[in-house]
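Visitor: First the structure, which I've put down as structure tokens, then a few questions once you've had a look.
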Amino acid sequence: MPQDAIRAALTRVLAEMGVAAPRINLERPRDPSHGDLATNVAMALSRELKKSPREIAQTLADRLDLAEAGVTAVEVAGPGFLNFRLSSGAVASTLADIVASGDSWGRSRVGGGERVMVEFVSANPTGPLHLGHGRQAALGDVISSLLDWTGWNVHREYYYNDAGRQMELLAGSVLARYLQHLGHDADLPEGGYQGLYVHDVARALAEEVGDRFVADRSDEAMAEIRHFAVRALRAEQDRDLTDFAVHFDEYYLESSLYESGRVDATVAALRETGLVYEVDGAVWLRTTEFGDQKDRVMIRGNGEPTYFLPDVAYHMAKWERGFHRVINVQGADHHGTVSRVRAGLRALGLPEGYPEYVLHQMVTVERDGQEVKFSKRAGSYTTLRELFEEVGVDVSRYFFLMRKPDAHLVFDLDVALDQSDKNPVYKVKYAHARMCSIFAKAGMELDDMDGAGVDLSVLDHPLERELVKHLGSFPDTLIRAAEHTSPHILCDYLEQTAGAANSWYHAGNPSRNPELAVLVEDEPLRRARLMLTRAVQVVLRNGLAVLGMEAPVRMDRPVDEPEES
RNA sequence: GCGCCUGUAGCUCAGCUGGAUAGAGCAUCGGCCUUCUAAGCCGAGGGUCCUGGGUUCGAGUCCCAGCGGGCGCACCA
């Protein structure tokens, strides 16, 4: 690709000028008069080289030899940009790479095969997954996928709390509903779970064990109820996640941290740091030593650990399991735990900034401009399943991903349910299907186009050049999205791709501009345009694959409008 | 009160390590369209980038202060 050749040449000349391994940003200027590609590297290095940007740019322009790469002109422009103009053949040569790479077009190795763990969802088994979990599931899954595409060895993990007081509360709630179901008087425990799903679990429990627990309230009985409830709710969450196309490599249980002795070992290790002290019978860690706002209790006065302790033990375990890069995807309402967990880990000698966090803001759903709030089944908020059963899995995933995690997400059901190009999901899918339909019209399979003997330099229409250059930036886009752990960067890119492809396609509408159609009589031109069609299809399909979404070969018309005469 | 996130077009939001004239979709307005099967296409208007300072050759982007919005501040989980 011309991008690679230009980067390599710039790196070479800069090395001669005494700059090692510069980071070179090559972008596609918005204004076509600024050439096909541009870099601001001269401006970025101005301080380091103590020369004016234009001077550096001029030196680079004089010493670069890029004729081989198809660069027809190098210009110094504006405050110190270097603008490159490419021959038609060089622009289009990208298409050969795309078509040859196929399924793997866009993959890179910047991760160097290093291991990385992405922990996400991690909902407690105390009810169905709600919208926040949905955003997390989509974000975690696609961040994992982006890391995979950029050369990381990714492990997807789900942590769940199967110990502690919330589990007792759950068991108590199920018991109360169970008794009510069998016609006895019973009240939900203080702070118990209100959702209808507790009735479902209670009913299932009654079906399995009959009235055995009406009389038996022993610890063993309560433990049995708890296990039953956790199993039932875990199974439901698994169904939700599977149907939402999200899978995990490992489910890690909080209880295992106690069973394996990791919690005790963590306490012992923290005590050795000398940062532990006791007040009123509670055991504290001096987390303020590492930037936390206040010290934290590890073990309460009653001898029970706080959540802080297993959190630290869990992350220590991640490190010891060999994950020296960990990304936790969580709701922003958990941000308070970040500094204390990191402080605890630093006390144990782990590096600053471990683990990384992607904290996403809250999700609200709107219909007709009004917020949709209540779900009887969940007891308080809308469940993930209610959402994706109404608007579809792919649309839900995409809407969760199309905003940066830092931004509050308004899920507009009216747009989500629209099946025209107003809905970005359909816009991208239609564009893919459209490319496929051109091949169908041509009587060809997608794989029939292997690029052999196609002269790509005939693709010199401005719309074609723009589209090709855009396709060429797909690998960089994946790298940027992975670096920023921000799938929305890819969503934006795919919408632009669909838009550029649509413009090109529509420009060739036979009723308007038949000479711009793909399927023209001129055989060499037709083959070159089929290459472009195929390349667009590959980029859209691969992009959708990273998002965990289907790339349909055809879209069926939803409803035929009745004809009015 | 303290901390984190946030404030860009009427609405929802992009804006890459600070770079060229601040972008997209929706909405509005004006043209067009019976097709490479297709749920549209082309174009236009619309901005005090919350406010005020600062750093810089250059700030929507970085720093400080203020104002508005969201979330969080337990020996809860």
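As shown in the structure tokens, the chain order sets the letters A, B, ...; within each chain, residues go from 1, and ligands are also counted from 1 in the order they appear.
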Please identify all polymer residues within 9 Å of segment 13-15 of chain B, counting only C-alpha atoms (C1' of nucleotides), omitting same-chain residues fewer than 2 positions from it, and present them as number ranges by chain.

Guide: A: 403, 489, 492; B: 22-25, 60-61

Visitor: For U17 of chain B, find every residue with an atom within 12 Å (counting only C-alpha atoms (C1' of nucleotides)), except residues of its own chain fewer than 3 positions away, and show them as an mmCIF file with all heavy atoms, in the first residue's frame.

Guide:
```cif
data_model
loop_
_atom_site.group_PDB
_atom_site.id
_atom_site.type_symbol
_atom_site.label_atom_id
_atom_site.label_comp_id
_atom_site.auth_asym_id
_atom_site.auth_seq_id
_atom_site.Cartn_x
_atom_site.Cartn_y
_atom_site.Cartn_z
ATOM 1 N N PRO A 22 9.774 7.804 14.791
ATOM 2 C CA PRO A 22 8.739 8.815 14.999
ATOM 3 C C PRO A 22 7.360 8.199 14.786
ATOM 4 O O PRO A 22 7.221 7.207 14.094
ATOM 5 C CB PRO A 22 9.024 9.835 13.910
ATOM 6 C CG PRO A 22 9.645 9.035 12.812
ATOM 7 C CD PRO A 22 10.395 7.912 13.468
ATOM 8 N N ARG A 23 6.360 8.783 15.397
ATOM 9 C CA ARG A 23 4.994 8.325 15.165
ATOM 10 C C ARG A 23 4.448 9.161 14.010
ATOM 11 O O ARG A 23 4.354 10.385 14.104
ATOM 12 C CB ARG A 23 4.176 8.537 16.421
ATOM 13 C CG ARG A 23 2.845 7.860 16.329
ATOM 14 C CD ARG A 23 2.177 7.846 17.667
ATOM 15 N NE ARG A 23 0.755 7.601 17.464
ATOM 16 C CZ ARG A 23 -0.124 7.681 18.437
ATOM 17 N NH1 ARG A 23 0.263 8.005 19.647
ATOM 18 N NH2 ARG A 23 -1.386 7.442 18.201
ATOM 19 N N ILE A 24 4.140 8.494 12.923
ATOM 20 C CA ILE A 24 3.747 9.232 11.722
ATOM 21 C C ILE A 24 2.259 9.109 11.463
ATOM 22 O O ILE A 24 1.732 8.026 11.248
ATOM 23 C CB ILE A 24 4.548 8.732 10.497
ATOM 24 C CG1 ILE A 24 6.024 9.042 10.712
ATOM 25 C CG2 ILE A 24 4.028 9.386 9.222
ATOM 26 C CD1 ILE A 24 6.937 8.377 9.734
ATOM 27 N N ASN A 25 1.613 10.222 11.514
ATOM 28 C CA ASN A 25 0.178 10.276 11.278
ATOM 29 C C ASN A 25 -0.058 10.632 9.812
ATOM 30 O O ASN A 25 0.266 11.727 9.372
ATOM 31 C CB ASN A 25 -0.418 11.343 12.212
ATOM 32 C CG ASN A 25 -1.913 11.425 12.062
ATOM 33 O OD1 ASN A 25 -2.550 10.444 11.666
ATOM 34 N ND2 ASN A 25 -2.476 12.578 12.365
ATOM 35 N N ASN A 40 1.431 15.558 9.290
ATOM 36 C CA ASN A 40 1.818 16.740 10.053
ATOM 37 C C ASN A 40 3.128 16.494 10.802
ATOM 38 O O ASN A 40 3.451 17.184 11.756
ATOM 39 C CB ASN A 40 0.715 17.112 11.050
ATOM 40 C CG ASN A 40 0.503 16.019 12.104
ATOM 41 O OD1 ASN A 40 1.053 14.937 11.980
ATOM 42 N ND2 ASN A 40 -0.270 16.323 13.118
ATOM 43 N N VAL A 41 3.876 15.471 10.361
ATOM 44 C CA VAL A 41 5.052 15.040 11.118
ATOM 45 C C VAL A 41 6.084 16.166 11.290
ATOM 46 O O VAL A 41 6.728 16.284 12.325
ATOM 47 C CB VAL A 41 5.680 13.776 10.470
ATOM 48 C CG1 VAL A 41 6.348 14.115 9.149
ATOM 49 C CG2 VAL A 41 6.656 13.120 11.414
ATOM 50 N N MET A 43 5.508 19.332 11.658
ATOM 51 C CA MET A 43 5.060 20.225 12.723
ATOM 52 C C MET A 43 5.243 19.577 14.091
ATOM 53 O O MET A 43 5.655 20.224 15.052
ATOM 54 C CB MET A 43 3.593 20.601 12.511
ATOM 55 C CG MET A 43 3.419 21.466 11.274
ATOM 56 S SD MET A 43 1.723 21.959 11.031
ATOM 57 C CE MET A 43 1.067 20.458 10.347
ATOM 58 N N ALA A 44 4.975 18.281 14.136
ATOM 59 C CA ALA A 44 5.089 17.569 15.410
ATOM 60 C C ALA A 44 6.541 17.533 15.894
ATOM 61 O O ALA A 44 6.804 17.503 17.092
ATOM 62 C CB ALA A 44 4.537 16.154 15.271
ATOM 63 N N LEU A 45 7.483 17.534 14.930
ATOM 64 C CA LEU A 45 8.897 17.411 15.302
ATOM 65 C C LEU A 45 9.604 18.758 15.421
ATOM 66 O O LEU A 45 10.805 18.821 15.659
ATOM 67 C CB LEU A 45 9.630 16.533 14.277
ATOM 68 C CG LEU A 45 9.226 15.054 14.312
ATOM 69 C CD1 LEU A 45 9.830 14.318 13.134
ATOM 70 C CD2 LEU A 45 9.639 14.410 15.622
ATOM 71 N N ARG A 480 -6.689 2.578 15.824
ATOM 72 C CA ARG A 480 -7.064 3.743 16.621
ATOM 73 C C ARG A 480 -8.205 3.393 17.584
ATOM 74 O O ARG A 480 -8.190 3.768 18.755
ATOM 75 C CB ARG A 480 -7.477 4.889 15.697
ATOM 76 C CG ARG A 480 -7.488 6.247 16.350
ATOM 77 C CD ARG A 480 -7.311 7.350 15.326
ATOM 78 N NE ARG A 480 -8.316 7.323 14.298
ATOM 79 C CZ ARG A 480 -9.518 7.890 14.429
ATOM 80 N NH1 ARG A 480 -9.852 8.482 15.545
ATOM 81 N NH2 ARG A 480 -10.388 7.841 13.445
ATOM 82 P P U B 61 -10.155 24.245 23.798
ATOM 83 O OP1 U B 61 -10.411 24.418 25.242
ATOM 84 O OP2 U B 61 -9.170 25.086 23.105
ATOM 85 O "O5'" U B 61 -9.746 22.718 23.533
ATOM 86 C "C5'" U B 61 -10.466 21.654 24.175
ATOM 87 C "C4'" U B 61 -9.874 20.341 23.738
ATOM 88 O "O4'" U B 61 -9.873 20.297 22.278
ATOM 89 C "C3'" U B 61 -8.439 20.104 24.186
ATOM 90 O "O3'" U B 61 -8.278 18.785 24.662
ATOM 91 C "C2'" U B 61 -7.615 20.353 22.937
ATOM 92 O "O2'" U B 61 -6.453 19.569 22.869
ATOM 93 C "C1'" U B 61 -8.583 19.952 21.821
ATOM 94 N N1 U B 61 -8.318 20.686 20.578
ATOM 95 C C2 U B 61 -7.875 19.971 19.485
ATOM 96 O O2 U B 61 -7.722 18.766 19.495
ATOM 97 N N3 U B 61 -7.616 20.721 18.367
ATOM 98 C C4 U B 61 -7.760 22.081 18.244
ATOM 99 O O4 U B 61 -7.488 22.618 17.171
ATOM 100 C C5 U B 61 -8.221 22.754 19.419
ATOM 101 C C6 U B 61 -8.478 22.050 20.523
ATOM 102 P P C B 62 -8.274 18.571 26.244
ATOM 103 O OP1 C B 62 -8.244 17.110 26.462
ATOM 104 O OP2 C B 62 -9.343 19.389 26.828
ATOM 105 O "O5'" C B 62 -6.889 19.215 26.689
ATOM 106 C "C5'" C B 62 -5.697 18.433 26.705
ATOM 107 C "C4'" C B 62 -4.574 19.243 27.295
ATOM 108 O "O4'" C B 62 -4.150 20.250 26.340
ATOM 109 C "C3'" C B 62 -4.925 20.043 28.536
ATOM 110 O "O3'" C B 62 -4.872 19.253 29.704
ATOM 111 C "C2'" C B 62 -3.881 21.130 28.524
ATOM 112 O "O2'" C B 62 -2.643 20.650 28.993
ATOM 113 C "C1'" C B 62 -3.761 21.419 27.034
ATOM 114 N N1 C B 62 -4.611 22.535 26.585
ATOM 115 C C2 C B 62 -4.263 23.839 26.954
ATOM 116 O O2 C B 62 -3.260 24.004 27.652
ATOM 117 N N3 C B 62 -5.035 24.866 26.535
ATOM 118 C C4 C B 62 -6.113 24.637 25.787
ATOM 119 N N4 C B 62 -6.837 25.691 25.396
ATOM 120 C C5 C B 62 -6.494 23.321 25.396
ATOM 121 C C6 C B 62 -5.726 22.314 25.813
#
```

Visitor: At a cut-off of 7 Å, can you tabulate as JSON lines every residue of chain B near chain A together with its closest atom pair and the distance in Å to one decimal, using only C-alpha atoms (C1' of nucleotides) and ordering rows by chain then number?

Guide:
```
{"residue": "B:C4", "atom": "C1'", "partner": "A:His335", "partner_atom": "CA", "distance": 6.8}
{"residue": "B:C5", "atom": "C1'", "partner": "A:Asp406", "partner_atom": "CA", "distance": 6.5}
{"residue": "B:A20", "atom": "C1'", "partner": "A:Gly78", "partner_atom": "CA", "distance": 5.9}
{"residue": "B:C36", "atom": "C1'", "partner": "A:Ile438", "partner_atom": "CA", "distance": 6.1}
{"residue": "B:A39", "atom": "C1'", "partner": "A:Ser420", "partner_atom": "CA", "distance": 5.7}
{"residue": "B:C41", "atom": "C1'", "partner": "A:His506", "partner_atom": "CA", "distance": 6.9}
{"residue": "B:C71", "atom": "C1'", "partner": "A:Asp333", "partner_atom": "CA", "distance": 5.5}
{"residue": "B:G72", "atom": "C1'", "partner": "A:Gly336", "partner_atom": "CA", "distance": 5.9}
{"residue": "B:C75", "atom": "C1'", "partner": "A:Arg300", "partner_atom": "CA", "distance": 4.4}
{"residue": "B:A77", "atom": "C1'", "partner": "A:Gln166", "partner_atom": "CA", "distance": 6.7}
```

Visitor: Run DSSP on the backbone and tell me which residues of segment 315-564 of chain A come out as strand (DSSP E); list them as a PDB file with N, CA, C and O atoms, in the first residue's frame.

Guide:
```pdb
ATOM      1  N   VAL A 326      -4.865  -5.574  31.825  1.00  0.00           N
ATOM      2  CA  VAL A 326      -6.253  -5.924  32.111  1.00  0.00           C
ATOM      3  C   VAL A 326      -7.116  -4.691  31.874  1.00  0.00           C
ATOM      4  O   VAL A 326      -6.747  -3.586  32.275  1.00  0.00           O
ATOM      5  N   ILE A 327      -8.233  -4.888  31.193  1.00  0.00           N
ATOM      6  CA  ILE A 327      -9.183  -3.802  30.967  1.00  0.00           C
ATOM      7  C   ILE A 327     -10.505  -4.200  31.606  1.00  0.00           C
ATOM      8  O   ILE A 327     -11.080  -5.232  31.260  1.00  0.00           O
ATOM      9  N   ASN A 328     -10.976  -3.404  32.537  1.00  0.00           N
ATOM     10  CA  ASN A 328     -12.265  -3.663  33.173  1.00  0.00           C
ATOM     11  C   ASN A 328     -13.306  -2.718  32.595  1.00  0.00           C
ATOM     12  O   ASN A 328     -13.119  -1.505  32.613  1.00  0.00           O
ATOM     13  N   VAL A 329     -14.375  -3.291  32.098  1.00  0.00           N
ATOM     14  CA  VAL A 329     -15.461  -2.471  31.569  1.00  0.00           C
ATOM     15  C   VAL A 329     -16.548  -2.405  32.637  1.00  0.00           C
ATOM     16  O   VAL A 329     -17.075  -3.440  33.047  1.00  0.00           O
ATOM     17  N   GLN A 330     -16.850  -1.211  33.084  1.00  0.00           N
ATOM     18  CA  GLN A 330     -17.822  -1.052  34.160  1.00  0.00           C
ATOM     19  C   GLN A 330     -18.665   0.202  33.959  1.00  0.00           C
ATOM     20  O   GLN A 330     -18.270   1.111  33.242  1.00  0.00           O
ATOM     21  N   GLY A 331     -19.785   0.229  34.635  1.00  0.00           N
ATOM     22  CA  GLY A 331     -20.605   1.426  34.647  1.00  0.00           C
ATOM     23  C   GLY A 331     -19.920   2.515  35.449  1.00  0.00           C
ATOM     24  O   GLY A 331     -19.184   2.232  36.397  1.00  0.00           O
ATOM     25  N   GLU A 356      -6.566  -1.182  33.803  1.00  0.00           N
ATOM     26  CA  GLU A 356      -7.208  -0.092  33.070  1.00  0.00           C
ATOM     27  C   GLU A 356      -8.730  -0.218  33.235  1.00  0.00           C
ATOM     28  O   GLU A 356      -9.235  -1.314  33.433  1.00  0.00           O
ATOM     29  N   TYR A 357      -9.408   0.903  33.134  1.00  0.00           N
ATOM     30  CA  TYR A 357     -10.875   0.876  33.223  1.00  0.00           C
ATOM     31  C   TYR A 357     -11.496   1.583  32.028  1.00  0.00           C
ATOM     32  O   TYR A 357     -11.022   2.631  31.605  1.00  0.00           O
ATOM     33  N   VAL A 358     -12.541   0.981  31.499  1.00  0.00           N
ATOM     34  CA  VAL A 358     -13.416   1.690  30.569  1.00  0.00           C
ATOM     35  C   VAL A 358     -14.722   1.873  31.320  1.00  0.00           C
ATOM     36  O   VAL A 358     -15.431   0.905  31.591  1.00  0.00           O
ATOM     37  N   LEU A 359     -14.982   3.099  31.723  1.00  0.00           N
ATOM     38  CA  LEU A 359     -16.199   3.380  32.493  1.00  0.00           C
ATOM     39  C   LEU A 359     -17.224   4.022  31.560  1.00  0.00           C
ATOM     40  O   LEU A 359     -16.945   5.043  30.945  1.00  0.00           O
ATOM     41  N   HIS A 360     -18.363   3.384  31.450  1.00  0.00           N
ATOM     42  CA  HIS A 360     -19.366   3.951  30.542  1.00  0.00           C
ATOM     43  C   HIS A 360     -20.464   4.640  31.330  1.00  0.00           C
ATOM     44  O   HIS A 360     -20.819   4.217  32.423  1.00  0.00           O
ATOM     45  N   VAL A 363     -27.420   4.565  30.525  1.00  0.00           N
ATOM     46  CA  VAL A 363     -28.252   4.395  29.336  1.00  0.00           C
ATOM     47  C   VAL A 363     -29.696   4.755  29.681  1.00  0.00           C
ATOM     48  O   VAL A 363     -30.211   4.318  30.703  1.00  0.00           O
ATOM     49  N   THR A 364     -30.317   5.551  28.824  1.00  0.00           N
ATOM     50  CA  THR A 364     -31.761   5.747  28.961  1.00  0.00           C
ATOM     51  C   THR A 364     -32.412   5.429  27.623  1.00  0.00           C
ATOM     52  O   THR A 364     -31.792   5.542  26.570  1.00  0.00           O
ATOM     53  N   VAL A 365     -33.664   5.000  27.682  1.00  0.00           N
ATOM     54  CA  VAL A 365     -34.397   4.624  26.482  1.00  0.00           C
ATOM     55  C   VAL A 365     -35.526   5.620  26.269  1.00  0.00           C
ATOM     56  O   VAL A 365     -36.204   5.985  27.223  1.00  0.00           O
ATOM     57  N   GLU A 366     -35.677   6.057  25.011  1.00  0.00           N
ATOM     58  CA  GLU A 366     -36.759   6.993  24.707  1.00  0.00           C
ATOM     59  C   GLU A 366     -37.634   6.456  23.583  1.00  0.00           C
ATOM     60  O   GLU A 366     -37.160   5.826  22.652  1.00  0.00           O
ATOM     61  N   ARG A 367     -38.928   6.729  23.737  1.00  0.00           N
ATOM     62  CA  ARG A 367     -39.887   6.431  22.669  1.00  0.00           C
ATOM     63  C   ARG A 367     -40.767   7.666  22.545  1.00  0.00           C
ATOM     64  O   ARG A 367     -41.222   8.198  23.556  1.00  0.00           O
ATOM     65  N   GLN A 370     -40.102  10.473  24.839  1.00  0.00           N
ATOM     66  CA  GLN A 370     -40.314  10.301  26.269  1.00  0.00           C
ATOM     67  C   GLN A 370     -39.451   9.161  26.795  1.00  0.00           C
ATOM     68  O   GLN A 370     -39.290   8.139  26.129  1.00  0.00           O
ATOM     69  N   GLU A 371     -38.932   9.333  27.985  1.00  0.00           N
ATOM     70  CA  GLU A 371     -38.120   8.284  28.566  1.00  0.00           C
ATOM     71  C   GLU A 371     -38.992   7.086  28.956  1.00  0.00           C
ATOM     72  O   GLU A 371     -40.044   7.226  29.551  1.00  0.00           O
ATOM     73  N   VAL A 372     -38.511   5.890  28.605  1.00  0.00           N
ATOM     74  CA  VAL A 372     -39.190   4.646  28.965  1.00  0.00           C
ATOM     75  C   VAL A 372     -38.497   4.103  30.191  1.00  0.00           C
ATOM     76  O   VAL A 372     -37.291   3.902  30.182  1.00  0.00           O
ATOM     77  N   LEU A 409     -25.844   7.730  27.060  1.00  0.00           N
ATOM     78  CA  LEU A 409     -26.432   7.142  25.856  1.00  0.00           C
ATOM     79  C   LEU A 409     -27.950   7.232  25.891  1.00  0.00           C
ATOM     80  O   LEU A 409     -28.602   6.712  26.792  1.00  0.00           O
ATOM     81  N   VAL A 410     -28.508   7.905  24.889  1.00  0.00           N
ATOM     82  CA  VAL A 410     -29.955   7.930  24.737  1.00  0.00           C
ATOM     83  C   VAL A 410     -30.317   6.934  23.640  1.00  0.00           C
ATOM     84  O   VAL A 410     -29.927   7.106  22.488  1.00  0.00           O
ATOM     85  N   PHE A 411     -31.006   5.889  24.034  1.00  0.00           N
ATOM     86  CA  PHE A 411     -31.377   4.842  23.091  1.00  0.00           C
ATOM     87  C   PHE A 411     -32.743   5.205  22.537  1.00  0.00           C
ATOM     88  O   PHE A 411     -33.758   5.077  23.212  1.00  0.00           O
ATOM     89  N   ASP A 412     -32.765   5.682  21.291  1.00  0.00           N
ATOM     90  CA  ASP A 412     -34.002   6.171  20.684  1.00  0.00           C
ATOM     91  C   ASP A 412     -34.701   5.022  19.958  1.00  0.00           C
ATOM     92  O   ASP A 412     -34.289   4.605  18.880  1.00  0.00           O
TER      93      ASP A 412
END
```

Visitor: Could you give me, as a list of chain:residue names, the residues within 12 Å of G53 of chain B, counting only C-alpha atoms (C1' of nucleotides) and dropping anything in the same chain fewer than 4 positions from it?

Guide: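 Non-adjacent residues within range: B:C63, B:C64, B:A65, B:G66.
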
Visitor: Kindly export the residues of the current selection with N, CA and C atoms (P, O5', C5', C4', C3', O3' and C1' of nucleotides), as a short mmCIF file (atom, residue, chain, number, x, y, z; two decimals), in the first residue's frame.

Guide:
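Contents of the output file out18.cif:
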```
data_model
loop_
_atom_site.label_atom_id
_atom_site.label_comp_id
_atom_site.auth_asym_id
_atom_site.auth_seq_id
_atom_site.Cartn_x
_atom_site.Cartn_y
_atom_site.Cartn_z
P C B 63 -5.79 19.59 30.95
"O5'" C B 63 -5.08 20.87 31.58
"C5'" C B 63 -3.79 20.78 32.18
"C4'" C B 63 -3.43 22.11 32.77
"C3'" C B 63 -4.50 22.72 33.66
"O3'" C B 63 -4.45 22.21 34.98
"C1'" C B 63 -3.72 24.36 32.14
P C B 64 -5.77 22.16 35.85
"O5'" C B 64 -5.99 23.70 36.22
"C5'" C B 64 -5.08 24.37 37.07
"C4'" C B 64 -5.52 25.80 37.27
"C3'" C B 64 -6.98 25.97 37.68
"O3'" C B 64 -7.17 25.77 39.07
"C1'" C B 64 -6.48 27.49 35.95
P A B 65 -8.59 25.27 39.60
"O5'" A B 65 -9.49 26.57 39.40
"C5'" A B 65 -9.31 27.71 40.23
"C4'" A B 65 -10.21 28.83 39.79
"C3'" A B 65 -11.70 28.49 39.75
"O3'" A B 65 -12.31 28.56 41.02
"C1'" A B 65 -11.09 29.63 37.77
P G B 66 -13.58 27.63 41.31
"O5'" G B 66 -14.72 28.31 40.43
"C5'" G B 66 -15.24 29.58 40.81
"C4'" G B 66 -16.12 30.12 39.72
"C3'" G B 66 -17.38 29.32 39.42
"O3'" G B 66 -18.41 29.56 40.36
"C1'" G B 66 -16.34 29.94 37.39
#
```

Visitor: Near Arg541 of chain A, within 9 Å and counting only C-alpha atoms (C1' of nucleotides), which residues show up once chain neighbours fewer than 5 positions away are dropped, as a list in words?

Guide: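 In the requested format, the answer is Asp103, Lys429, His432, Val536, Val546, Met549, Glu550, Ala551 and Pro552 of chain A.
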
Visitor: In terms of the shortest atom-to-atom distance over only C-alpha atoms (C1' of nucleotides), which of A:Gln3, A:Glu289, A:Val395, A:Lys294 is closest to C2 of chain B?

Guide: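 Of all the options, A:Lys294 lies closest to C2 of chain B.
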
Visitor: Show which residues sit within 8 Å of segment 525-535 of chain A, as a ChimeraX atom specification. Count only C-alpha atoms (C1' of nucleotides), and ignore same-chain residues fewer than 4 positions away.

Guide: /A:95-96,98-99,435-436,438-439,446,449,451,454-456,458-459,468,471,518-521,539

Visitor: Keeping N, CA, C and O atoms, export the residues of the selection given above as a tab-separated table (two decimals), in the first residue's frame.

Guide:
```tsv
chain	number	residue	atom	x	y	z
A	95	LEU	N	-6.79	-1.61	-3.55
A	95	LEU	CA	-7.87	-2.57	-3.77
A	95	LEU	C	-7.35	-3.98	-3.93
A	95	LEU	O	-7.98	-4.94	-3.47
A	96	ALA	N	-6.20	-4.10	-4.56
A	96	ALA	CA	-5.64	-5.44	-4.76
A	96	ALA	C	-5.31	-6.07	-3.40
A	96	ALA	O	-5.57	-7.25	-3.17
A	98	ILE	N	-6.76	-5.35	-0.53
A	98	ILE	CA	-8.00	-5.65	0.19
A	98	ILE	C	-8.59	-6.96	-0.30
A	98	ILE	O	-8.93	-7.85	0.49
A	99	VAL	N	-8.69	-7.09	-1.61
A	99	VAL	CA	-9.34	-8.27	-2.17
A	99	VAL	C	-8.50	-9.52	-1.89
A	99	VAL	O	-9.03	-10.58	-1.56
A	435	MET	N	-23.68	-4.08	-2.49
A	435	MET	CA	-22.47	-4.54	-3.17
A	435	MET	C	-22.64	-5.99	-3.61
A	435	MET	O	-22.26	-6.38	-4.71
A	436	CYS	N	-23.24	-6.78	-2.71
A	436	CYS	CA	-23.47	-8.19	-3.05
A	436	CYS	C	-24.42	-8.31	-4.23
A	436	CYS	O	-24.25	-9.17	-5.10
A	438	ILE	N	-24.81	-6.34	-6.67
A	438	ILE	CA	-24.15	-6.03	-7.95
A	438	ILE	C	-23.49	-7.29	-8.50
A	438	ILE	O	-23.56	-7.58	-9.70
A	439	PHE	N	-22.86	-8.02	-7.62
A	439	PHE	CA	-22.24	-9.28	-8.07
A	439	PHE	C	-23.30	-10.26	-8.57
A	439	PHE	O	-23.09	-10.94	-9.58
A	446	LEU	N	-18.83	-13.66	-5.16
A	446	LEU	CA	-17.88	-12.68	-4.62
A	446	LEU	C	-16.44	-13.18	-4.77
A	446	LEU	O	-15.52	-12.42	-5.07
A	449	MET	N	-13.86	-12.81	-7.97
A	449	MET	CA	-13.06	-11.63	-8.27
A	449	MET	C	-11.76	-11.71	-7.50
A	449	MET	O	-11.71	-11.38	-6.32
A	451	GLY	N	-8.81	-10.41	-8.72
A	451	GLY	CA	-7.95	-9.27	-9.01
A	451	GLY	C	-6.87	-9.53	-10.05
A	451	GLY	O	-6.16	-8.60	-10.44
A	454	VAL	N	-6.35	-7.24	-13.51
A	454	VAL	CA	-7.25	-6.09	-13.56
A	454	VAL	C	-6.43	-4.80	-13.51
A	454	VAL	O	-5.57	-4.64	-12.64
A	455	ASP	N	-6.68	-3.91	-14.45
A	455	ASP	CA	-5.98	-2.63	-14.46
A	455	ASP	C	-6.77	-1.63	-13.63
A	455	ASP	O	-7.81	-1.13	-14.05
A	456	LEU	N	-6.26	-1.36	-12.42
A	456	LEU	CA	-7.01	-0.52	-11.48
A	456	LEU	C	-6.85	0.97	-11.76
A	456	LEU	O	-7.56	1.79	-11.20
A	458	VAL	N	-7.73	2.62	-14.11
A	458	VAL	CA	-8.88	3.23	-14.80
A	458	VAL	C	-9.87	3.82	-13.81
A	458	VAL	O	-10.80	4.53	-14.19
A	459	LEU	N	-9.68	3.55	-12.52
A	459	LEU	CA	-10.60	4.10	-11.51
A	459	LEU	C	-10.15	5.51	-11.14
A	459	LEU	O	-9.52	5.72	-10.12
A	468	VAL	N	-11.80	4.68	-2.51
A	468	VAL	CA	-10.65	3.78	-2.36
A	468	VAL	C	-9.76	4.23	-1.21
A	468	VAL	O	-9.31	3.42	-0.38
A	471	LEU	N	-11.29	3.31	2.01
A	471	LEU	CA	-11.16	1.88	2.31
A	471	LEU	C	-9.76	1.57	2.84
A	471	LEU	O	-9.58	0.73	3.72
A	518	VAL	N	-21.33	0.32	-12.42
A	518	VAL	CA	-20.33	-0.74	-12.31
A	518	VAL	C	-20.38	-1.63	-13.54
A	518	VAL	O	-19.36	-1.95	-14.15
A	519	LEU	N	-21.61	-2.03	-13.90
A	519	LEU	CA	-21.74	-3.05	-14.93
A	519	LEU	C	-21.83	-2.41	-16.32
A	519	LEU	O	-22.83	-2.52	-17.02
A	520	VAL	N	-20.75	-1.74	-16.70
A	520	VAL	CA	-20.68	-1.12	-18.03
A	520	VAL	C	-20.19	-2.14	-19.05
A	520	VAL	O	-19.69	-3.20	-18.71
A	521	GLU	N	-20.37	-1.77	-20.31
A	521	GLU	CA	-19.94	-2.66	-21.40
A	521	GLU	C	-18.42	-2.83	-21.42
A	521	GLU	O	-17.91	-3.93	-21.59
A	539	VAL	N	-14.62	-4.67	3.29
A	539	VAL	CA	-14.42	-3.76	4.43
A	539	VAL	C	-15.68	-3.72	5.30
A	539	VAL	O	-15.60	-3.80	6.53
```
